[in-house]
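Quick notes on the structure that follows.
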Amino acid sequence: MSAAEPARGPDPPARGEGRPAPHPPPHPAAPTADRRAAYRAGARAALPFTVAIFAFGISFGVLAKGSGFTALAATTMSGLVFVGSSQFAAVSVLAGGGGWVAAAVAGTLLNLRYLVMGFAILPALRGGRARRAVEAQWVIEESWAIASDADGRFDRVRLLSSGAVLWLGWVTGTLVGALGPITAVDITRYGLDAVSPVLFFLLIAPHLGTDGRPGRRATALAATGSALALTAAGLPDTAIAAACLIALVATRRAR
Amino acid sequence: MTDPTWLVLGALVATTFLLKGAGALVMGDRALPTWFPRFVEYLTPALLAVLVVTQLLGAPDNGGLTLDARVTGFAAALVAWRLRAPVPLVILVAAAATAAARALT
């Protein structure tokens, strides 16, 4: 939805309506109106994810509180790590009686995917090494997906605006969970656990259009199949690595 | 007295920063290889497909494929999406159908 959705509002982009131009102008040189539209597009695309992330933040805060984290520690972790799955893993290991090294390793392993995502988004970031390394911290799966264009490029502005909105939801959710009287957020009762797969599906759609590189649908299908098999085998965390391999094979074939 | 919570926090913050920032820290001003953007073009839909599968069918304890009310919600959302419903409505349909399916079983 992010890339295919033409920006609306008082500052319409210079490009025409409907389908996005196949080759948008380089992002750093984009005119101000385009950039403001991109800020809004990123923030708006992040909102539905943020509702889910806020709820997950509350449950993380509750879990962290139960595992001996102070509200300050839990919120600091959410603010600086900003990866739900990794934080859940680390805190669960600690709660299960594991040591701090085992907890940190578990959390780090789940973060390996950001190595790939960080490299992928690098051309869109600005500044020297340090600044780009800091800008890359806004990458989480949702902001990365929202920032991605169908042509394989990324929009820095959409990354920053969606990242900021998601970050606020995650951090305030954690704080509410760690401080509040809530003992558990009934995510399942309100069906919120079905929200993120649907959102990720909606984010794939622009990448599977017929105007892009051939073979992307086949690649996505192969990744789906391998993810199904690996999840069935109880190894869902390896599915990301398998998808990297599948994408590498497709890249070699496309040569 | 070392509080394990702050040790985990510090370690995880450090590794996360390094992993997310590795691209910028390692590459510096060098250009990425020419095949890399092509790779990313294939990688993005592949990774998103993985996330759909693991979040839709994964179990919290890695206990294999789980078919539960989420599937009902996902199917209902697909119908709404095919009918060109706006994104917030698609999300609402997904959550409502999932909650309803759970309440009825």
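Residue numbering restarts at 1 in every chain; chains get A, B, ... in the order shown in the structure tokens, and ligands count up from 1 in that same order.
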Spatial neighbours of B:Gly23, 12 Å, only C-alpha atoms, chain gap at least 6 places, as a PyMOL selection string: (chain A and resi 114-125+128-137) or (chain B and resi 17+29-32)
Contact set, chain A to chain B: 6 Å, only C-alpha atoms, as a PyMOL selection string: chain A and resi 69+77+81+100+104+114-115+118-119+129+132-133+136-137+152+189-192+194+197+200+204+216+220+223-224+227+231-234+243+247+251
Please run DSSP on the backbone and report, as a ChimeraX atom specification, all residues within stretch 3-99 of chain B that come out as alpha helix (DSSP H). /B:4-27,35-57,69-82,87-99
Could you work out how far atom CA of A:Gln87 lies from atom CA of A:Val101, giving the answer in Å with one decimal?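 Computed distance, atom CA of A:Val101 to atom CA of A:Gln87, equals 13.7 Å.
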Set the distance at 8 Å and use only C-alpha atoms: which residues neighbour A:Ala106 once local chain neighbours fewer than 6 positions away are removed? I'd like the list as number ranges by chain. A: 86, 89-90, 93
